[in-house]
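Working notes, beginning with the structure itself.
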Protein chains: 2
Amino acid sequence: MTKVKGDDSLPWREMSRYDGPQSSPGFVLWHGFMRWQRHLNALLKPFGLTQPQFAVLATCGWLTRGGQEVTQQAMADFLDMDRMHISQIASRLERDGLLCRSPSVEDMRAKLVSLTPAGREKLAEVMPVAEAFDESFFAGAAPDRTSFRF
Amino acid sequence: MTKVKGDDSLPWREMSRYDGPQSSPGFVLWHGFMRWQRHLNALLKPFGLTQPQFAVLATCGWLTRGGQEVTQQAMADFLDMDRMHISQIASRLERDGLLCRSPSVEDMRAKLVSLTPAGREKLAEVMPVAEAFDESFFAGAAPDRTSFRF
DNA sequence: GCAATTTTGTAAATGCATTTATAAAAAGGA
DNA sequence: TCCTTTTTATAAATGCATTTACAAAATTGC
């Protein structure tokens with residue numbers, strides 16, 4: 001059964017193993033992640049934070065919890081993120097007074113990051129909100145949905 | 001056991017139910033999604049496409065597969081995305097000659113989207129690459145990892 | 001028919017994520 | 001020591017994702 005002249009339909013089954021985008025696991029991951037991030041961003045907005053800002057703030061708090069010195073590079077390694085990305089987000093958090101960046105004494109290139117008192121307070125305020133959201137978000141999915149492991 | 005004066009450690013367990021960011025499901029989702037997108041973007045780069053551009057291109061192909069007329073709004077509804085977002089990505093795909101946007105006759109506000117011949121060819125080229133990547137990515141996770149359903 | 005509302009799309013702005021290029025400090029090797 | 005390489009961070013640029021504001025066409029209600 002070949003296509004006739006003038007048939008402008010796309011031979012989907014010859015191109016894809018899936019019955020449309022909604023059946024593709026990558027597509028579902030993208031869609032699900034955006035849904036999660038959208039909802040969390042909406043919850044964090046009243047606190048003046050975005051989801052990535054909250055993640056970086058929380059990670060900074062975690063890594064410095066015992067008073068350790070932590071460089072931006074150490075944050076990037078821990079998060080498996082680009083140095084530049086951390087720099088970008090940290091500079092906004094510093095602008096907003098939640099995070100402090102000071103040059104290291106041992107390494108003049110490095111910048112040590114730490115929470116400001118306002119940063120600590122914000123984190124304590126926001127953490128229960130974010131964790132309650134995650135609790136409900138990840139508990140709500142029906143068992144017949146696509147599942148992922150990371 | 002109260003904190004002594006000068007103790008600058010963060011009372012993490014009082015703030016979070018998790019042992020650090022890596023134990024939080026939301027954090028793991030964010031991290032996993034970025035890893036997936038980063039790898040896929042690297043694979044698509046030689047084809048001049050990003051992951052979202054590929055997704056929109058493929059969705060356009062899917063929705064118009066039988067010759068149907070599809071508006072940008074219909075795309076946004078199908079993808080559960082903002083119509084502005086579709087507009088942004090579609091305009092880049094049009095600029096690159098992969099997608100055609102023409103005003104609808106029935107509704108002068110709406111723009112009908114369809115693949116150009118170059119868009120069809122690109123899609124046929126890229127689809128196996130993206131699907132093979134997804135296959136390996138989602139098959140590779142160990143069973144002791146955090147799992148998600150969407 | 002006509003005014004009010006809704007729908008469709010775009011412009012501009014903000015922040016996320018990455019890439020490329022650059023500068024400066026540290027580390028390593030002759 | 002001096003020179004090369006690596007490491008840490010930033011500036012600028014591109015594209016993703018969303019928000020606000022806006023214009024124009026379609027729909028609704030009278």
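Ordering of the structure tokens sets the chain letters (A, B, ...); residue numbers start at 1 within each chain; ligands are numbered from 1 in the order shown.
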
Output as a list in words all residues of segment 66-116 of chain B that backbone DSSP marks as strand (DSSP E or B). Thr71, Leu99, Cys100, Arg101, Ser102, Pro103, Lys111, Leu112, Val113, Ser114 and Leu115 of chain B

Please return, as a list of chain:residue names, all residues of chain A lying within 6 Å of chain B when only C-alpha atoms are considered.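 Result, ordered by chain then number: A:Ser9, A:Leu10, A:Met15, A:Gly32, A:Arg65, A:Gly66, A:Gly67, A:Ala124, A:Ala141, A:Arg145, A:Thr146, A:Ser147, A:Phe148, A:Arg149, A:Phe150.
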
Coordinates-based distance that separates atom CA of Asp77 of chain A from atom C1' of DA13 of chain D (Å, one decimal): 24.5 Å

Please determine the contact residues of chain B with respect to chain D at a cut-off of 10 Å, counting only C-alpha atoms (C1' of nucleotides), and supply them as a list in words.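 The contacting residues on chain B are Thr50, Gln51, Pro52, Gln53, Met81, Asp82, Met84, His85, Gln88, Ile89, Arg92, Glu106, Asp107, Met108, Arg109 and Ala110 of chain B.
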
Segment 4-101 of chain B: which residues are helix (DSSP H, G or I) by DSSP, as number ranges by chain? B: 12-15, 21-23, 25-47, 51-63, 72-79, 83-95

Sorted by chain and rising residue number, list the residues of chain C at most 10 Å from chain A (counting only C-alpha atoms (C1' of nucleotides)), each with its closest atom pair and distance in Å to one decimal, as a Markdown table.
```
| residue | atom | partner | partner_atom | distance |
| --- | --- | --- | --- | --- |
| C:DG15 | C1' | A:Thr50 | CA | 8.5 |
| C:DC16 | C1' | A:Pro52 | CA | 7.7 |
| C:DA17 | C1' | A:His85 | CA | 6.8 |
| C:DT18 | C1' | A:Asp82 | CA | 8.1 |
| C:DA24 | C1' | A:Arg109 | CA | 7.2 |
| C:DA25 | C1' | A:Arg109 | CA | 5.5 |
| C:DA26 | C1' | A:Asp107 | CA | 7.6 |
```

So that I can check the surroundings of segment 93-98 of chain B, please list as a PDB file with all heavy atoms, in the first residue's frame every protein, DNA and RNA residue that reaches within 10 Å of it, counting only C-alpha atoms (C1' of nucleotides) and ignoring chain neighbours fewer than 2 positions away.
```pdb
ATOM      1  N   GLY B  48      20.897  20.901  14.232  1.00  0.00           N
ATOM      2  CA  GLY B  48      20.424  22.280  14.339  1.00  0.00           C
ATOM      3  C   GLY B  48      19.109  22.413  15.089  1.00  0.00           C
ATOM      4  O   GLY B  48      18.375  23.378  14.906  1.00  0.00           O
ATOM      5  N   LEU B  49      18.809  21.436  15.962  1.00  0.00           N
ATOM      6  CA  LEU B  49      17.564  21.471  16.720  1.00  0.00           C
ATOM      7  C   LEU B  49      17.840  21.396  18.218  1.00  0.00           C
ATOM      8  O   LEU B  49      18.828  20.794  18.645  1.00  0.00           O
ATOM      9  CB  LEU B  49      16.666  20.283  16.335  1.00  0.00           C
ATOM     10  CG  LEU B  49      15.904  20.331  15.013  1.00  0.00           C
ATOM     11  CD1 LEU B  49      15.112  19.038  14.840  1.00  0.00           C
ATOM     12  CD2 LEU B  49      14.986  21.533  14.950  1.00  0.00           C
ATOM     13  N   GLN B  53      12.416  22.359  20.388  1.00  0.00           N
ATOM     14  CA  GLN B  53      12.119  22.531  18.961  1.00  0.00           C
ATOM     15  C   GLN B  53      11.746  21.196  18.330  1.00  0.00           C
ATOM     16  O   GLN B  53      10.792  21.104  17.552  1.00  0.00           O
ATOM     17  CB  GLN B  53      13.329  23.138  18.249  1.00  0.00           C
ATOM     18  CG  GLN B  53      13.526  24.618  18.517  1.00  0.00           C
ATOM     19  CD  GLN B  53      14.846  25.136  17.979  1.00  0.00           C
ATOM     20  OE1 GLN B  53      15.636  24.386  17.396  1.00  0.00           O
ATOM     21  NE2 GLN B  53      15.098  26.418  18.176  1.00  0.00           N
ATOM     22  N   PHE B  54      12.491  20.150  18.670  1.00  0.00           N
ATOM     23  CA  PHE B  54      12.162  18.814  18.162  1.00  0.00           C
ATOM     24  C   PHE B  54      10.772  18.388  18.609  1.00  0.00           C
ATOM     25  O   PHE B  54       9.986  17.860  17.817  1.00  0.00           O
ATOM     26  CB  PHE B  54      13.213  17.804  18.618  1.00  0.00           C
ATOM     27  CG  PHE B  54      12.806  16.384  18.438  1.00  0.00           C
ATOM     28  CD1 PHE B  54      12.637  15.845  17.170  1.00  0.00           C
ATOM     29  CD2 PHE B  54      12.559  15.573  19.542  1.00  0.00           C
ATOM     30  CE1 PHE B  54      12.244  14.540  16.996  1.00  0.00           C
ATOM     31  CE2 PHE B  54      12.164  14.263  19.385  1.00  0.00           C
ATOM     32  CZ  PHE B  54      12.002  13.739  18.110  1.00  0.00           C
ATOM     33  N   VAL B  56       8.206  20.264  19.417  1.00  0.00           N
ATOM     34  CA  VAL B  56       7.157  21.020  18.724  1.00  0.00           C
ATOM     35  C   VAL B  56       7.058  20.575  17.267  1.00  0.00           C
ATOM     36  O   VAL B  56       5.960  20.411  16.729  1.00  0.00           O
ATOM     37  CB  VAL B  56       7.434  22.531  18.826  1.00  0.00           C
ATOM     38  CG1 VAL B  56       6.552  23.304  17.858  1.00  0.00           C
ATOM     39  CG2 VAL B  56       7.196  23.008  20.258  1.00  0.00           C
ATOM     40  N   LEU B  57       8.199  20.346  16.651  1.00  0.00           N
ATOM     41  CA  LEU B  57       8.214  19.877  15.270  1.00  0.00           C
ATOM     42  C   LEU B  57       7.496  18.535  15.144  1.00  0.00           C
ATOM     43  O   LEU B  57       6.650  18.336  14.258  1.00  0.00           O
ATOM     44  CB  LEU B  57       9.666  19.748  14.789  1.00  0.00           C
ATOM     45  CG  LEU B  57       9.899  19.661  13.283  1.00  0.00           C
ATOM     46  CD1 LEU B  57       9.580  20.980  12.602  1.00  0.00           C
ATOM     47  CD2 LEU B  57      11.325  19.236  12.968  1.00  0.00           C
ATOM     48  N   SER B  87       4.260  30.120  20.216  1.00  0.00           N
ATOM     49  CA  SER B  87       4.539  31.199  19.269  1.00  0.00           C
ATOM     50  C   SER B  87       6.040  31.435  19.137  1.00  0.00           C
ATOM     51  O   SER B  87       6.572  31.569  18.032  1.00  0.00           O
ATOM     52  CB  SER B  87       3.851  32.486  19.739  1.00  0.00           C
ATOM     53  OG  SER B  87       4.210  33.581  18.944  1.00  0.00           O
ATOM     54  N   GLN B  88       6.696  31.458  20.287  1.00  0.00           N
ATOM     55  CA  GLN B  88       8.141  31.701  20.334  1.00  0.00           C
ATOM     56  C   GLN B  88       8.919  30.605  19.588  1.00  0.00           C
ATOM     57  O   GLN B  88       9.762  30.910  18.730  1.00  0.00           O
ATOM     58  CB  GLN B  88       8.567  31.704  21.813  1.00  0.00           C
ATOM     59  CG  GLN B  88       9.705  32.583  22.167  1.00  0.00           C
ATOM     60  CD  GLN B  88      10.051  32.453  23.648  1.00  0.00           C
ATOM     61  OE1 GLN B  88      10.153  31.352  24.195  1.00  0.00           O
ATOM     62  NE2 GLN B  88      10.244  33.564  24.308  1.00  0.00           N
ATOM     63  N   ILE B  89       8.622  29.358  19.919  1.00  0.00           N
ATOM     64  CA  ILE B  89       9.366  28.248  19.306  1.00  0.00           C
ATOM     65  C   ILE B  89       9.007  28.115  17.837  1.00  0.00           C
ATOM     66  O   ILE B  89       9.875  27.896  16.981  1.00  0.00           O
ATOM     67  CB  ILE B  89       9.082  26.930  20.061  1.00  0.00           C
ATOM     68  CG1 ILE B  89       9.609  27.038  21.499  1.00  0.00           C
ATOM     69  CG2 ILE B  89       9.707  25.754  19.358  1.00  0.00           C
ATOM     70  CD1 ILE B  89       9.327  25.835  22.358  1.00  0.00           C
ATOM     71  N   ALA B  90       7.710  28.276  17.509  1.00  0.00           N
ATOM     72  CA  ALA B  90       7.280  28.146  16.115  1.00  0.00           C
ATOM     73  C   ALA B  90       7.930  29.204  15.227  1.00  0.00           C
ATOM     74  O   ALA B  90       8.277  28.937  14.077  1.00  0.00           O
ATOM     75  CB  ALA B  90       5.755  28.241  16.025  1.00  0.00           C
ATOM     76  N   SER B  91       8.109  30.402  15.782  1.00  0.00           N
ATOM     77  CA  SER B  91       8.706  31.460  14.958  1.00  0.00           C
ATOM     78  C   SER B  91      10.168  31.134  14.641  1.00  0.00           C
ATOM     79  O   SER B  91      10.662  31.451  13.555  1.00  0.00           O
ATOM     80  CB  SER B  91       8.590  32.815  15.659  1.00  0.00           C
ATOM     81  OG  SER B  91       9.560  32.952  16.663  1.00  0.00           O
ATOM     82  N   CYS B 100       5.799  26.001   8.615  1.00  0.00           N
ATOM     83  CA  CYS B 100       5.108  27.074   7.889  1.00  0.00           C
ATOM     84  C   CYS B 100       3.928  27.565   8.699  1.00  0.00           C
ATOM     85  O   CYS B 100       3.172  26.766   9.248  1.00  0.00           O
ATOM     86  CB  CYS B 100       4.635  26.522   6.534  1.00  0.00           C
ATOM     87  SG  CYS B 100       3.669  27.687   5.582  1.00  0.00           S
ATOM     88  N   ARG B 101       3.791  28.871   8.826  1.00  0.00           N
ATOM     89  CA  ARG B 101       2.657  29.454   9.548  1.00  0.00           C
ATOM     90  C   ARG B 101       1.848  30.309   8.593  1.00  0.00           C
ATOM     91  O   ARG B 101       2.355  31.298   8.052  1.00  0.00           O
ATOM     92  CB  ARG B 101       3.143  30.317  10.719  1.00  0.00           C
ATOM     93  CG  ARG B 101       3.772  29.509  11.821  1.00  0.00           C
ATOM     94  CD  ARG B 101       3.947  30.333  13.083  1.00  0.00           C
ATOM     95  NE  ARG B 101       4.959  31.360  12.922  1.00  0.00           N
ATOM     96  CZ  ARG B 101       5.222  32.294  13.832  1.00  0.00           C
ATOM     97  NH1 ARG B 101       4.513  32.327  14.935  1.00  0.00           N
ATOM     98  NH2 ARG B 101       6.171  33.171  13.630  1.00  0.00           N
ATOM     99  N   VAL B 113      -0.337  25.903  11.450  1.00  0.00           N
ATOM    100  CA  VAL B 113       1.052  25.450  11.358  1.00  0.00           C
ATOM    101  C   VAL B 113       1.128  24.138  10.595  1.00  0.00           C
ATOM    102  O   VAL B 113       0.229  23.295  10.683  1.00  0.00           O
ATOM    103  CB  VAL B 113       1.677  25.267  12.754  1.00  0.00           C
ATOM    104  CG1 VAL B 113       1.881  26.613  13.432  1.00  0.00           C
ATOM    105  CG2 VAL B 113       0.815  24.369  13.615  1.00  0.00           C
ATOM    106  N   SER B 114       2.177  23.988   9.807  1.00  0.00           N
ATOM    107  CA  SER B 114       2.411  22.727   9.112  1.00  0.00           C
ATOM    108  C   SER B 114       3.898  22.582   8.817  1.00  0.00           C
ATOM    109  O   SER B 114       4.633  23.567   8.811  1.00  0.00           O
ATOM    110  CB  SER B 114       1.624  22.691   7.804  1.00  0.00           C
ATOM    111  OG  SER B 114       1.992  23.792   6.983  1.00  0.00           O
ATOM    112  N   LEU B 115       4.334  21.360   8.601  1.00  0.00           N
ATOM    113  CA  LEU B 115       5.739  21.109   8.288  1.00  0.00           C
ATOM    114  C   LEU B 115       6.045  21.507   6.853  1.00  0.00           C
ATOM    115  O   LEU B 115       5.229  21.270   5.950  1.00  0.00           O
ATOM    116  CB  LEU B 115       6.074  19.629   8.473  1.00  0.00           C
ATOM    117  CG  LEU B 115       5.850  19.024   9.862  1.00  0.00           C
ATOM    118  CD1 LEU B 115       6.348  17.580   9.880  1.00  0.00           C
ATOM    119  CD2 LEU B 115       6.527  19.844  10.920  1.00  0.00           C
ATOM    120  N   THR B 116       7.174  22.084   6.621  1.00  0.00           N
ATOM    121  CA  THR B 116       7.667  22.271   5.257  1.00  0.00           C
ATOM    122  C   THR B 116       8.305  20.955   4.812  1.00  0.00           C
ATOM    123  O   THR B 116       8.554  20.070   5.636  1.00  0.00           O
ATOM    124  CB  THR B 116       8.734  23.370   5.220  1.00  0.00           C
ATOM    125  OG1 THR B 116       9.860  22.951   5.987  1.00  0.00           O
ATOM    126  CG2 THR B 116       8.196  24.676   5.771  1.00  0.00           C
ATOM    127  N   PRO B 117       8.569  20.782   3.525  1.00  0.00           N
ATOM    128  CA  PRO B 117       9.308  19.584   3.076  1.00  0.00           C
ATOM    129  C   PRO B 117      10.613  19.408   3.853  1.00  0.00           C
ATOM    130  O   PRO B 117      10.947  18.301   4.277  1.00  0.00           O
ATOM    131  CB  PRO B 117       9.568  19.879   1.600  1.00  0.00           C
ATOM    132  CG  PRO B 117       8.416  20.733   1.192  1.00  0.00           C
ATOM    133  CD  PRO B 117       8.089  21.579   2.387  1.00  0.00           C
ATOM    134  N   ALA B 118      11.323  20.508   4.075  1.00  0.00           N
ATOM    135  CA  ALA B 118      12.562  20.429   4.855  1.00  0.00           C
ATOM    136  C   ALA B 118      12.270  19.975   6.281  1.00  0.00           C
ATOM    137  O   ALA B 118      13.051  19.216   6.871  1.00  0.00           O
ATOM    138  CB  ALA B 118      13.269  21.776   4.865  1.00  0.00           C
ATOM    139  N   GLY B 119      11.137  20.422   6.824  1.00  0.00           N
ATOM    140  CA  GLY B 119      10.747  20.020   8.170  1.00  0.00           C
ATOM    141  C   GLY B 119      10.446  18.538   8.257  1.00  0.00           C
ATOM    142  O   GLY B 119      10.834  17.860   9.210  1.00  0.00           O
ATOM    143  N   ARG B 120       9.743  18.020   7.227  1.00  0.00           N
ATOM    144  CA  ARG B 120       9.459  16.589   7.190  1.00  0.00           C
ATOM    145  C   ARG B 120      10.747  15.777   7.137  1.00  0.00           C
ATOM    146  O   ARG B 120      10.908  14.777   7.828  1.00  0.00           O
ATOM    147  CB  ARG B 120       8.648  16.237   5.934  1.00  0.00           C
ATOM    148  CG  ARG B 120       7.211  16.693   5.985  1.00  0.00           C
ATOM    149  CD  ARG B 120       6.585  16.489   4.605  1.00  0.00           C
ATOM    150  NE  ARG B 120       5.142  16.716   4.674  1.00  0.00           N
ATOM    151  CZ  ARG B 120       4.224  15.803   4.322  1.00  0.00           C
ATOM    152  NH1 ARG B 120       4.627  14.627   3.869  1.00  0.00           N
ATOM    153  NH2 ARG B 120       2.959  16.077   4.421  1.00  0.00           N
ATOM    154  N   GLU B 121      11.647  16.228   6.284  1.00  0.00           N
ATOM    155  CA  GLU B 121      12.902  15.495   6.121  1.00  0.00           C
ATOM    156  C   GLU B 121      13.712  15.515   7.423  1.00  0.00           C
ATOM    157  O   GLU B 121      14.236  14.496   7.863  1.00  0.00           O
ATOM    158  CB  GLU B 121      13.721  16.114   4.979  1.00  0.00           C
ATOM    159  CG  GLU B 121      14.985  15.348   4.670  1.00  0.00           C
ATOM    160  CD  GLU B 121      15.470  15.630   3.252  1.00  0.00           C
ATOM    161  OE1 GLU B 121      14.777  16.366   2.493  1.00  0.00           O
ATOM    162  OE2 GLU B 121      16.541  15.126   2.906  1.00  0.00           O
ATOM    163  N   LYS B 122      13.779  16.702   8.028  1.00  0.00           N
ATOM    164  CA  LYS B 122      14.504  16.825   9.297  1.00  0.00           C
ATOM    165  C   LYS B 122      13.912  15.894  10.352  1.00  0.00           C
ATOM    166  O   LYS B 122      14.634  15.200  11.068  1.00  0.00           O
ATOM    167  CB  LYS B 122      14.435  18.278   9.774  1.00  0.00           C
ATOM    168  CG  LYS B 122      15.191  18.570  11.034  1.00  0.00           C
ATOM    169  CD  LYS B 122      16.694  18.625  10.837  1.00  0.00           C
ATOM    170  CE  LYS B 122      17.118  19.952  10.224  1.00  0.00           C
ATOM    171  NZ  LYS B 122      18.593  20.043  10.079  1.00  0.00           N
ATOM    172  N   LEU B 123      12.589  15.883  10.428  1.00  0.00           N
ATOM    173  CA  LEU B 123      11.907  15.056  11.425  1.00  0.00           C
ATOM    174  C   LEU B 123      12.211  13.574  11.210  1.00  0.00           C
ATOM    175  O   LEU B 123      12.519  12.847  12.166  1.00  0.00           O
ATOM    176  CB  LEU B 123      10.398  15.307  11.365  1.00  0.00           C
ATOM    177  CG  LEU B 123       9.548  14.725  12.491  1.00  0.00           C
ATOM    178  CD1 LEU B 123      10.026  15.212  13.844  1.00  0.00           C
ATOM    179  CD2 LEU B 123       8.070  15.090  12.286  1.00  0.00           C
TER     180      LEU B 123
END
```
